[in-house]
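J.: If it helps, the file is called upload-v5.cif and holds mmCIF, C-alpha atoms:
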data_structure
loop_
_atom_site.label_atom_id
_atom_site.label_comp_id
_atom_site.auth_asym_id
_atom_site.auth_seq_id
_atom_site.Cartn_x
_atom_site.Cartn_y
_atom_site.Cartn_z
CA MET A 270 5.29 -34.63 6.83
CA LYS A 271 4.78 -32.00 4.11
CA PHE A 272 6.61 -29.39 6.20
CA ALA A 273 9.41 -31.87 6.87
CA SER A 274 9.67 -32.68 3.17
CA ASP A 275 10.01 -28.98 2.32
CA TYR A 276 12.67 -28.59 5.00
CA ARG A 277 14.59 -31.65 3.81
CA GLU A 278 14.67 -30.22 0.28
CA PHE A 279 15.88 -26.88 1.62
CA LEU A 280 18.58 -28.53 3.72
CA SER A 281 19.83 -30.57 0.77
CA GLY A 282 20.13 -27.58 -1.54
CA HIS A 283 21.36 -24.85 0.81
CA LYS A 284 24.33 -25.93 2.90
CA THR A 285 26.25 -22.69 3.34
CA GLU A 286 25.35 -19.31 4.81
CA ARG A 287 25.56 -17.69 1.36
CA GLU A 288 23.22 -20.27 -0.16
CA CYS A 289 20.76 -19.91 2.72
CA THR A 290 20.74 -16.11 2.55
CA ALA A 291 20.10 -16.10 -1.19
CA PHE A 292 17.25 -18.59 -0.73
CA PHE A 293 15.64 -16.62 2.08
CA ALA A 294 15.81 -13.34 0.17
CA GLU A 295 14.31 -14.88 -2.96
CA GLU A 296 11.48 -16.61 -1.08
CA ALA A 297 10.76 -13.49 0.96
CA GLU A 298 10.31 -11.40 -2.17
CA LYS A 299 7.79 -13.94 -3.45
CA LYS A 300 5.81 -13.27 -0.25
CA GLY A 301 5.84 -9.51 -0.74
CA PHE A 302 8.91 -8.53 1.29
CA LYS A 303 10.78 -5.52 -0.10
CA ASN A 304 14.51 -4.85 0.01
CA LEU A 305 15.03 -2.37 2.84
CA ASP A 306 18.20 -0.91 1.31
CA GLU A 307 16.22 0.14 -1.77
CA ILE A 308 13.56 1.74 0.44
CA ILE A 309 16.27 3.62 2.33
CA LYS A 310 17.76 4.95 -0.92
CA GLU A 311 14.37 6.14 -2.11
CA LYS A 312 13.54 7.55 1.35
CA ASN A 313 10.13 5.92 1.29
CA PRO A 314 8.33 5.76 4.64
CA LEU A 315 7.22 2.48 6.20
CA LYS A 316 3.70 1.89 7.46
CA PRO A 317 1.97 -0.88 9.45
CA GLY A 318 1.70 -4.05 7.40
CA ASP A 319 4.83 -3.42 5.32
CA ARG A 320 7.23 -6.33 5.04
CA VAL A 321 10.94 -5.73 4.47
CA TYR A 322 14.24 -7.60 4.52
CA ARG A 323 17.89 -6.62 4.59
CA VAL A 324 20.91 -8.72 3.61
CA ASN A 325 24.26 -8.36 5.35
CA ARG A 326 27.20 -9.11 3.01
CA LYS A 327 25.37 -12.07 1.44
CA LYS A 328 25.84 -14.12 4.64
CA ALA A 329 23.08 -12.96 6.98
CA ILE A 330 19.55 -11.61 6.65
CA ALA A 331 16.99 -9.82 8.78
CA LEU A 332 13.27 -9.76 7.96
CA PHE A 333 10.60 -7.51 9.48
CA THR A 334 6.84 -7.18 9.41
CA ILE A 335 5.92 -3.68 10.57
CA GLY A 336 3.28 -3.58 13.30
CA GLU A 337 0.70 -1.02 14.35
CA LYS A 338 2.62 0.21 17.41
CA PRO A 339 5.81 2.31 17.18
CA ILE A 340 9.08 0.42 16.77
CA SER A 341 10.18 1.84 20.13
CA ASN A 342 7.47 -0.28 21.73
CA GLY A 343 9.72 -3.27 21.01
CA LEU A 344 9.98 -6.08 18.50
CA THR A 345 9.10 -9.76 18.70
CA ILE A 346 12.22 -11.51 17.43
CA LEU A 347 13.13 -14.96 16.20
CA GLY A 348 16.92 -15.25 15.99
CA ALA A 349 18.92 -18.18 14.60
CA HIS A 350 22.22 -18.82 12.86
CA ILE A 351 22.86 -20.33 9.44
CA ASP A 352 26.55 -21.28 9.63
CA SER A 353 27.55 -24.85 10.51
CA PRO A 354 30.77 -26.71 11.41
CA ARG A 355 32.85 -27.63 8.37
CA LEU A 356 36.29 -27.51 6.76
CA ASP A 357 37.44 -24.31 5.01
CA LEU A 358 40.16 -24.16 2.36
CA LYS A 359 43.19 -22.15 3.40
CA GLN A 360 44.18 -19.18 1.25
CA ASN A 361 47.07 -21.13 -0.27
CA PRO A 362 45.48 -24.58 -0.28
CA LEU A 363 46.76 -26.44 -3.34
CA TYR A 364 49.92 -28.54 -3.23
CA GLU A 365 51.31 -31.81 -4.53
CA ASP A 366 52.93 -34.55 -2.49
CA THR A 367 54.10 -37.91 -3.90
CA ASP A 368 51.99 -37.62 -7.06
CA ILE A 369 48.77 -36.62 -5.27
CA ALA A 370 47.22 -33.14 -5.37
CA LEU A 371 45.75 -32.03 -2.05
CA LEU A 372 43.90 -29.05 -0.61
CA ASP A 373 44.97 -27.73 2.79
CA THR A 374 42.10 -26.87 5.17
CA HIS A 375 41.36 -25.18 8.47
CA TYR A 376 38.35 -26.55 10.33
CA TYR A 377 35.53 -24.18 11.29
CA GLY A 378 33.63 -24.55 14.56
CA GLY A 379 33.74 -27.30 17.15
CA ILE A 380 34.18 -30.71 15.54
CA LYS A 381 35.46 -34.16 16.38
CA LYS A 382 38.12 -34.19 13.70
CA TYR A 383 38.18 -37.97 13.33
CA GLN A 384 34.54 -37.88 12.15
CA TRP A 385 35.45 -35.92 9.01
CA VAL A 386 37.65 -38.51 7.29
CA THR A 387 36.73 -41.10 4.60
CA LEU A 388 33.49 -39.32 3.72
CA PRO A 389 32.40 -38.07 0.30
CA MET A 390 32.74 -34.29 0.44
CA ALA A 391 31.65 -31.43 -1.81
CA LEU A 392 33.09 -27.98 -2.42
CA HIS A 393 30.76 -24.99 -1.96
CA GLY A 394 31.55 -21.29 -2.03
CA VAL A 395 32.79 -18.40 -4.11
CA ILE A 396 35.98 -17.31 -5.83
CA VAL A 397 36.32 -13.57 -6.38
CA LYS A 398 38.87 -12.59 -9.02
CA LYS A 399 40.92 -9.40 -8.87
CA ASP A 400 38.61 -7.71 -11.35
CA GLY A 401 35.66 -8.31 -9.03
CA THR A 402 34.17 -11.21 -10.98
CA THR A 403 32.48 -13.65 -8.61
CA ILE A 404 32.50 -17.34 -9.50
CA ASN A 405 30.13 -19.63 -7.64
CA VAL A 406 31.46 -23.08 -6.80
CA ASN A 407 29.23 -26.08 -6.15
CA LEU A 408 31.05 -29.28 -6.98
CA GLY A 409 30.22 -32.73 -5.68
CA GLU A 410 26.45 -32.54 -5.21
CA ASN A 411 25.08 -33.36 -8.65
CA GLU A 412 24.93 -36.81 -10.19
CA GLY A 413 28.06 -37.23 -12.25
CA ASP A 414 30.09 -34.76 -10.18
CA PRO A 415 33.33 -35.98 -8.65
CA VAL A 416 33.51 -35.96 -4.85
CA PHE A 417 36.45 -35.30 -2.55
CA GLY A 418 37.56 -36.36 0.90
CA VAL A 419 40.13 -36.79 3.63
CA SER A 420 41.97 -40.13 3.80
CA ASP A 421 42.65 -42.14 6.96
CA LEU A 422 45.30 -44.63 7.98
CA LEU A 423 44.45 -48.29 7.45
CA ILE A 424 43.81 -50.26 10.64
CA HIS A 425 46.74 -52.60 9.90
CA LEU A 426 49.22 -49.73 10.37
CA ALA A 427 47.28 -47.70 12.94
CA GLY A 428 48.62 -49.17 16.16
CA ASP A 429 50.20 -45.90 17.31
CA GLN A 430 47.23 -43.85 16.10
CA MET A 431 44.76 -45.97 18.07
CA GLU A 432 46.63 -45.24 21.30
CA LYS A 433 46.01 -41.50 20.98
CA LYS A 434 43.26 -39.50 22.66
CA GLY A 435 40.19 -38.84 20.54
CA SER A 436 41.21 -35.21 20.09
CA LYS A 437 44.56 -36.31 18.66
CA VAL A 438 43.59 -39.34 16.54
CA VAL A 439 43.33 -36.98 13.58
CA GLU A 440 45.16 -33.65 13.85
CA GLY A 441 43.83 -30.42 12.37
CA GLU A 442 46.74 -30.17 9.95
CA ASP A 443 45.95 -33.68 8.70
CA LEU A 444 42.50 -32.73 7.37
CA ASP A 445 43.81 -32.25 3.84
CA VAL A 446 41.45 -33.02 0.98
CA LEU A 447 42.51 -35.38 -1.81
CA PHE A 448 41.94 -33.46 -5.02
CA GLY A 449 43.54 -35.36 -7.91
CA SER A 450 46.18 -37.85 -9.01
CA GLU A 451 46.52 -37.64 -12.81
CA PRO A 452 49.68 -35.87 -14.01
CA MET A 453 49.76 -33.45 -16.90
CA SER A 454 51.44 -34.79 -20.00
CA SER A 455 54.99 -33.46 -20.35
CA LYS A 456 58.01 -34.18 -22.47
CA ASP A 457 60.28 -32.93 -19.70
CA LYS A 458 60.99 -35.89 -17.42
CA ASP A 459 62.28 -33.57 -14.70
CA GLU A 460 59.27 -31.27 -14.62
CA LYS A 461 57.75 -31.18 -11.15
CA ASP A 462 54.20 -31.02 -9.72
CA LEU A 463 52.53 -32.33 -12.85
CA VAL A 464 49.46 -33.50 -10.93
CA LYS A 465 49.01 -30.05 -9.44
CA LYS A 466 49.46 -28.48 -12.86
CA ASN A 467 46.84 -30.77 -14.33
CA VAL A 468 44.37 -29.83 -11.59
CA LEU A 469 45.05 -26.15 -12.22
CA ALA A 470 44.43 -26.66 -15.93
CA LEU A 471 41.07 -28.27 -15.15
CA LEU A 472 40.16 -25.38 -12.84
CA LYS A 473 41.12 -22.93 -15.56
CA GLU A 474 38.92 -24.78 -18.03
CA LYS A 475 35.89 -25.05 -15.72
CA TYR A 476 36.05 -21.78 -13.77
CA ASP A 477 38.59 -19.60 -15.63
CA ILE A 478 40.67 -19.11 -12.50
CA GLU A 479 44.37 -19.07 -11.68
CA GLU A 480 46.01 -20.49 -8.57
CA GLU A 481 46.38 -17.03 -7.03
CA ASP A 482 42.59 -16.59 -7.14
CA PHE A 483 42.38 -18.90 -4.13
CA LEU A 484 43.67 -15.90 -2.16
CA SER A 485 40.25 -14.27 -2.48
CA ALA A 486 38.09 -17.36 -2.26
CA GLU A 487 35.75 -18.76 0.37
CA ILE A 488 35.44 -22.49 -0.30
CA GLU A 489 33.78 -24.77 2.24
CA VAL A 490 34.35 -28.53 2.30
CA ILE A 491 31.14 -30.17 3.47
CA PRO A 492 29.47 -33.58 3.30
CA ALA A 493 28.20 -34.37 -0.19
CA GLY A 494 24.71 -35.63 -0.82
CA PRO A 495 21.12 -34.85 0.14
CA ALA A 496 19.40 -35.03 3.50
CA ARG A 497 17.53 -38.30 3.90
CA ASP A 498 14.56 -39.68 5.81
CA PHE A 499 15.98 -41.60 8.77
CA GLY A 500 14.49 -44.66 10.46
CA LEU A 501 12.23 -47.38 9.14
CA ASP A 502 9.20 -45.29 10.10
CA ARG A 503 10.66 -42.19 8.36
CA SER A 504 10.11 -40.22 11.56
CA MET A 505 13.49 -38.48 11.46
CA ILE A 506 15.74 -36.61 9.03
CA MET A 507 19.48 -37.12 8.69
CA GLY A 508 21.36 -34.26 7.10
CA TYR A 509 24.31 -31.90 7.23
CA GLY A 510 23.79 -28.60 9.05
CA HIS A 511 20.69 -29.18 11.21
CA ASP A 512 22.60 -26.99 13.66
CA ASP A 513 21.16 -24.46 13.19
CA LYS A 514 19.16 -24.61 9.96
CA VAL A 515 16.55 -26.77 11.70
CA CYS A 516 15.70 -23.64 13.70
CA ALA A 517 16.46 -21.05 10.99
CA TYR A 518 14.09 -22.60 8.45
CA PRO A 519 10.98 -22.77 10.69
CA SER A 520 11.78 -19.28 12.01
CA PHE A 521 11.85 -17.99 8.44
CA ARG A 522 8.66 -19.83 7.54
CA ALA A 523 6.99 -18.49 10.68
CA ILE A 524 7.51 -14.83 9.79
CA LEU A 525 6.43 -15.51 6.20
CA ASP A 526 3.26 -17.26 7.34
CA THR A 527 2.25 -14.82 10.12
CA GLU A 528 -0.01 -11.92 9.18
CA PRO A 529 0.98 -8.40 10.35
CA GLY A 530 -0.10 -7.59 13.88
CA VAL A 531 0.12 -5.03 16.65
CA GLU A 532 3.84 -5.42 17.25
CA THR A 533 6.67 -5.46 14.71
CA TYR A 534 7.92 -8.97 14.00
CA ALA A 535 11.54 -9.77 13.19
CA CYS A 536 13.44 -12.83 12.00
CA LEU A 537 17.21 -12.52 12.31
CA LEU A 538 19.37 -15.19 10.63
CA VAL A 539 23.07 -14.61 11.23
CA ASP A 540 26.51 -16.01 10.46
CA LYS A 541 29.58 -16.93 12.56
CA GLU A 542 27.79 -18.33 15.64
CA GLU A 543 29.92 -21.47 15.52
CA ILE A 544 33.09 -19.40 16.07
CA GLY A 545 31.75 -16.91 18.63
CA SER A 546 29.36 -14.70 16.62
CA VAL A 547 32.27 -12.46 15.66
CA GLY A 548 32.92 -10.40 12.53
CA ALA A 549 30.78 -8.18 10.35
CA THR A 550 28.18 -10.89 9.70
CA GLY A 551 28.01 -12.30 13.24
CA MET A 552 25.61 -11.30 15.99
CA HIS A 553 28.29 -9.19 17.69
CA SER A 554 28.25 -6.79 14.73
CA GLU A 555 25.99 -3.73 14.83
CA PHE A 556 24.04 -4.80 11.75
CA PHE A 557 20.84 -5.54 13.66
CA GLU A 558 21.04 -2.40 15.78
CA ASP A 559 21.71 -0.26 12.71
CA THR A 560 18.78 -1.85 10.88
CA VAL A 561 16.43 -1.16 13.78
CA ALA A 562 17.60 2.46 13.65
CA GLU A 563 16.69 2.58 9.95
CA LEU A 564 13.23 1.19 10.74
CA CYS A 565 12.70 3.82 13.42
CA ALA A 566 13.69 6.56 10.98
CA LEU A 567 11.43 5.25 8.22
CA THR A 568 8.45 5.06 10.58
CA GLY A 569 8.87 8.66 11.74
CA ASP A 570 10.64 8.08 15.05
CA ASP A 571 14.19 9.07 14.17
CA SER A 572 16.05 9.35 17.47
CA ALA A 573 18.82 7.45 19.20
CA LEU A 574 16.62 7.07 22.27
CA SER A 575 13.90 5.37 20.22
CA VAL A 576 16.42 2.80 19.00
CA ARG A 577 17.57 2.05 22.54
CA ARG A 578 13.97 1.74 23.69
CA ALA A 579 13.09 -0.53 20.76
CA LEU A 580 15.89 -2.93 21.62
CA ARG A 581 15.30 -2.88 25.37
CA ASN A 582 11.54 -3.41 25.02
CA SER A 583 11.93 -6.34 22.61
CA ARG A 584 11.36 -9.99 23.37
CA ALA A 585 13.20 -12.78 21.57
CA LEU A 586 13.61 -16.49 21.09
CA SER A 587 17.20 -17.44 20.39
CA SER A 588 16.25 -20.29 18.10
CA ASP A 589 19.08 -22.75 18.53
CA VAL A 590 19.37 -26.49 18.88
CA SER A 591 19.70 -28.58 22.02
CA ALA A 592 21.38 -31.94 22.60
CA ALA A 593 18.89 -34.80 22.32
CA PHE A 594 19.15 -37.53 24.95
CA ASP A 595 21.09 -40.46 23.51
CA PRO A 596 20.61 -43.76 25.38
CA THR A 597 23.95 -44.98 24.07
CA TYR A 598 25.66 -42.13 25.94
CA ALA A 599 23.21 -41.75 28.82
CA ASP A 600 25.97 -40.89 31.29
CA ALA A 601 26.44 -37.49 29.64
CA PHE A 602 22.88 -36.41 30.44
CA GLU A 603 20.79 -35.75 33.53
CA LYS A 604 17.51 -37.38 32.57
CA LYS A 605 15.13 -35.02 34.38
CA ASN A 606 16.67 -32.04 32.59
CA ALA A 607 17.41 -33.40 29.13
CA SER A 608 15.63 -32.94 25.80
CA TYR A 609 14.18 -35.94 24.00
CA MET A 610 13.45 -36.73 20.36
CA GLY A 611 9.79 -36.40 19.47
CA ARG A 612 8.68 -34.46 22.56
CA GLY A 613 8.42 -31.04 20.95
CA ILE A 614 10.30 -27.77 20.92
CA VAL A 615 12.99 -27.36 23.59
CA ILE A 616 13.30 -24.40 25.96
CA ASN A 617 16.75 -23.87 27.48
CA LYS A 618 16.52 -21.33 30.30
CA TYR A 619 20.30 -21.25 30.24
CA THR A 620 23.18 -22.90 28.40
CA GLY A 621 26.77 -22.11 29.27
CA ALA A 622 29.54 -24.33 30.60
CA ARG A 623 29.92 -25.55 34.15
CA GLY A 624 28.86 -22.64 36.38
CA LYS A 625 26.54 -21.33 33.62
CA SER A 626 29.53 -19.43 32.23
CA GLY A 627 28.68 -17.61 29.02
CA SER A 628 24.94 -18.23 29.28
CA ASN A 629 22.02 -15.85 29.03
CA ASP A 630 19.98 -17.38 31.90
CA ALA A 631 16.51 -15.98 31.21
CA SER A 632 14.38 -14.63 34.05
CA ALA A 633 11.63 -16.65 35.71
CA GLU A 634 9.10 -14.05 34.58
CA TYR A 635 10.04 -14.43 30.94
CA MET A 636 10.10 -18.21 31.22
CA ALA A 637 6.53 -17.99 32.49
CA CYS A 638 5.58 -15.79 29.53
CA VAL A 639 6.92 -18.30 27.02
CA ARG A 640 5.19 -21.18 28.80
CA GLN A 641 1.92 -19.28 28.67
CA VAL A 642 2.27 -18.59 24.94
CA PHE A 643 3.02 -22.22 24.11
CA ASP A 644 0.25 -23.59 26.32
CA LYS A 645 -2.28 -21.16 24.90
CA ASN A 646 -1.49 -22.41 21.39
CA ASP A 647 -1.19 -26.11 22.30
CA VAL A 648 2.48 -26.23 21.36
CA CYS A 649 4.25 -29.32 22.69
CA PHE A 650 7.41 -28.21 24.50
CA GLN A 651 10.03 -29.53 26.89
CA THR A 652 12.74 -27.93 29.00
CA ALA A 653 16.37 -28.98 29.11
CA GLU A 654 19.97 -28.25 29.96
CA LEU A 655 22.86 -29.08 27.67
CA GLY A 656 24.19 -32.17 29.45
CA LYS A 657 25.23 -32.78 33.05
CA VAL A 658 26.73 -30.10 35.24
CA ASP A 659 30.50 -29.97 34.63
CA LYS A 660 30.04 -32.03 31.46
CA GLY A 661 27.80 -29.86 29.33
CA GLY A 662 28.23 -26.45 27.88
CA GLY A 663 27.65 -24.40 24.79
CA GLY A 664 26.72 -20.96 23.61
CA THR A 665 24.14 -19.30 21.38
CA ILE A 666 23.35 -15.74 20.30
CA ALA A 667 20.98 -15.31 23.29
CA TYR A 668 23.42 -13.49 25.57
CA ILE A 669 24.26 -11.00 22.80
CA LEU A 670 20.61 -10.07 22.36
CA GLY A 671 20.36 -9.95 26.14
CA ASN A 672 23.08 -7.28 26.20
CA TYR A 673 20.48 -4.86 24.84
CA GLY A 674 18.38 -5.46 27.96
CA MET A 675 15.66 -7.37 26.12
CA ASN A 676 14.03 -10.57 27.31
CA VAL A 677 15.47 -13.58 25.46
CA ILE A 678 15.51 -17.34 25.93
CA ASP A 679 16.87 -20.26 23.92
CA SER A 680 14.26 -22.34 22.18
CA GLY A 681 14.90 -24.87 19.42
CA VAL A 682 15.03 -28.47 18.25
CA ALA A 683 16.76 -31.46 19.86
CA VAL A 684 19.55 -32.93 17.71
CA LEU A 685 21.34 -36.28 17.83
CA SER A 686 25.02 -36.44 16.79
CA MET A 687 25.29 -32.65 16.93
CA HIS A 688 28.29 -31.17 15.08
CA ALA A 689 28.93 -34.46 13.28
CA PRO A 690 28.96 -34.41 9.47
CA TRP A 691 25.49 -35.97 9.54
CA GLU A 692 23.04 -34.95 12.29
CA ILE A 693 19.57 -36.32 13.11
CA ILE A 694 16.32 -34.59 14.12
CA SER A 695 12.70 -35.59 14.65
CA LYS A 696 10.10 -34.39 12.15
CA VAL A 697 7.68 -33.88 15.05
CA ASP A 698 10.10 -31.53 16.80
CA LEU A 699 10.72 -29.61 13.59
CA TYR A 700 7.01 -28.98 13.10
CA GLU A 701 6.40 -28.08 16.75
CA ALA A 702 9.22 -25.53 16.45
CA TYR A 703 7.43 -23.97 13.48
CA ARG A 704 4.15 -23.89 15.43
CA GLY A 705 5.91 -22.51 18.49
CA TYR A 706 7.59 -19.72 16.54
CA ILE A 707 4.28 -18.65 15.00
CA ALA A 708 2.65 -18.68 18.44
CA PHE A 709 5.49 -16.57 19.83
CA LEU A 710 5.21 -13.95 17.08
CA LYS A 711 1.47 -13.61 17.59
CA ASP A 712 1.18 -13.72 21.37
CA ALA A 713 4.51 -13.00 23.10
CA HIS A 714 3.63 -9.33 23.64
CA ILE A 715 0.32 -10.07 25.39
#
Spell out the structure here as structure tokens.
T.:
Amino acid sequence: MKFASDYREFLSGHKTERECTAFFAEEAEKKGFKNLDEIIKEKNPLKPGDRVYRVNRKKAIALFTIGEKPISNGLTILGAHIDSPRLDLKQNPLYEDTDIALLDTHYYGGIKKYQWVTLPMALHGVIVKKDGTTINVNLGENEGDPVFGVSDLLIHLAGDQMEKKGSKVVEGEDLDVLFGSEPMSSKDKDEKDLVKKNVLALLKEKYDIEEEDFLSAEIEVIPAGPARDFGLDRSMIMGYGHDDKVCAYPSFRAILDTEPGVETYACLLVDKEEIGSVGATGMHSEFFEDTVAELCALTGDDSALSVRRALRNSRALSSDVSAAFDPTYADAFEKKNASYMGRGIVINKYTGARGKSGSNDASAEYMACVRQVFDKNDVCFQTAELGKVDKGGGGTIAYILGNYGMNVIDSGVAVLSMHAPWEIISKVDLYEAYRGYIAFLKDAHI
């Protein structure tokens, strides 16, 4: 319960990838981790027992505990992602229509669009002005803050809407955020867009920004409010962004709480998984490979071959969530191969859609290794697929790590209402994930 309380507090206060990365870096330094980029600049060597971290463009972070054996012997890796489905403001978001100011959005990741209307929403992110000044935005979370949201059509007029397919009930272009309705005072009766002008004046007063500064902004529209205990017995947590912070947080805590060992430990927390792991901060970037090369160089093994060997000889858990069995929608699951709330950490040998397309599909030998590690440490675990054949499907970062030739398997926490604005997890599963990740770091190489 203490671990769950700490996680709930983290989840409430760190909803975006930037907020998570800043938190992880700050907490890591408290535990003695040093900034790897500073070590590289000073050309200081690394030795067994050293703990380092490296931030990638403020949206991803990698942490390492240097082991006794050479880096080329391989790393033991916990990998998760810290981005979550949401709405993003477009670059030219602000407009006025019939005396209402609105913000135009583009949704991020796989969502049921109709779930994101009539909810209190907050704005999180950054605005970077032309002179390089960065302004942090967090509006809608604190008591007294205004909140925002997307309106919906009243049931009395929704006859045509209710006949549409679920994917069309609310269209992507209709996810515009109501932002204000008070017009600016003006003596000119013909002056237009007075509500928009009033909103811009308030933004100028609060953040010292102009409308054109939205061009270089990253503002996320996400559910407002803290994560909450869920259920009369308080056995669960409801919150925004369990996917995949419910795996990222215990992975991070695991590397912080595990003493240095024979092998080098790594915790890799990346961005952009929800849209294909693309871009400079996603798993498809060469950030992790480049960082491993830096580690090899700083431990006296500076060769391209050593880097390739380090990656190929590594073993990893792709720490990502699985779909918890929901009795209300039992037809979507195959009961013998589903994950269940409260039964421990979930191992997914493969994910993918239909014919395992896009999955990693770990080997039987590696599956046996993970089983052995969890059994040795009395970790409660279960195995699962993501829904029925021809119904399920989904991807993680596992196949990208697998491209290096390393052993990797998906292992995470079961989630109810995945990708909804508010998701639900079991506190038991959260804690077993933490225990499982520690066990993996300590014993996966044996």
J.: Could you check which of A:Arg287, A:Leu332, A:Gly530, A:Ser583 is closest to Asn304 in chain A, using only C-alpha atoms?
T.: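 Comparing A:Arg287, A:Leu332, A:Gly530, A:Ser583 against Asn304 in chain A, the winner is A:Leu332.
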J.: Could you expand the PyMOL selection byres ((chain A and resi 352) around 12) into the explicit residues it covers here, written as number ranges by chain?
T.: A: 283-290, 328-329, 349-351, 353-356, 377-378, 489, 491, 509-517, 538-546, 550-552, 589, 688
J.: What does the distance from CA of Lys625 in chain A to CA of Phe709 in chain A come to in Å, to one decimal?
T.: 25.6 Å
J.: Taking (33.8, -39.4, 8.1) in the coordinates of the supplied file, I want to know which residues reach to within 12 Å of it, counting only C-alpha atoms; could you give the answer as a VMD selection string?
T.: chain A and resid 355 380 to 390 417 to 421 439 444 491 to 493 689 to 691
J.: I'd like the neighbourhood of range 557-563 of chain A as a list in words, where a residue qualifies if any of its atoms comes within 9 Å (using all atoms listed in the file), though same-chain residues fewer than 2 positions away should be ignored.
T.: Leu305, Ile309, Arg323, Ala331, Ile340, Leu537, Met552, Ser554, Glu555, Cys565, Ala566, Leu567, Thr568, Asp571, Ser572, Ala573, Ser575, Val576, Arg577, Ala579 and Leu580 of chain A
J.: If the PyMOL selection byres ((chain A and resi 710-714) around 12) were run on this exact file, what residues would it hold? Put them as number ranges by chain.
T.: A: 333-334, 336, 338, 342-348, 520-536, 582-586, 635-646, 676-677, 703-709, 715
J.: Which residue is closest to Glu487 in chain A? Choose from A:Glu474, A:Asp357, A:Glu634, A:Glu298 and count all atoms listed in the file.
T.: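 Smallest distance to Glu487 in chain A is found for A:Asp357.
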J.: Between A:Val321, A:Ile488, A:Ile478, A:Ala470, which has the minimum distance to Lys398 in chain A (counting only C-alpha atoms)?
T.: A:Ile478
J.: List the spatial neighbours of Ile693 in chain A as a PyMOL selection string - criterion: any atom at most 10 Å away, all atoms listed in the file, same-chain residues fewer than 6 positions off excluded.
T.: chain A and resi 496-499+505-512+593+610+683-687
J.: Would you save the residues of that selection, restricted to C-alpha atoms, as a CSV table (one decimal), keeping the file's coordinate frame?
T.:
chain,number,residue,atom,x,y,z
A,496,ALA,CA,19.4,-35.0,3.5
A,497,ARG,CA,17.5,-38.3,3.9
A,498,ASP,CA,14.6,-39.7,5.8
A,499,PHE,CA,16.0,-41.6,8.8
A,505,MET,CA,13.5,-38.5,11.5
A,506,ILE,CA,15.7,-36.6,9.0
A,507,MET,CA,19.5,-37.1,8.7
A,508,GLY,CA,21.4,-34.3,7.1
A,509,TYR,CA,24.3,-31.9,7.2
A,510,GLY,CA,23.8,-28.6,9.0
A,511,HIS,CA,20.7,-29.2,11.2
A,512,ASP,CA,22.6,-27.0,13.7
A,593,ALA,CA,18.9,-34.8,22.3
A,610,MET,CA,13.4,-36.7,20.4
A,683,ALA,CA,16.8,-31.5,19.9
A,684,VAL,CA,19.6,-32.9,17.7
A,685,LEU,CA,21.3,-36.3,17.8
A,686,SER,CA,25.0,-36.4,16.8
A,687,MET,CA,25.3,-32.6,16.9
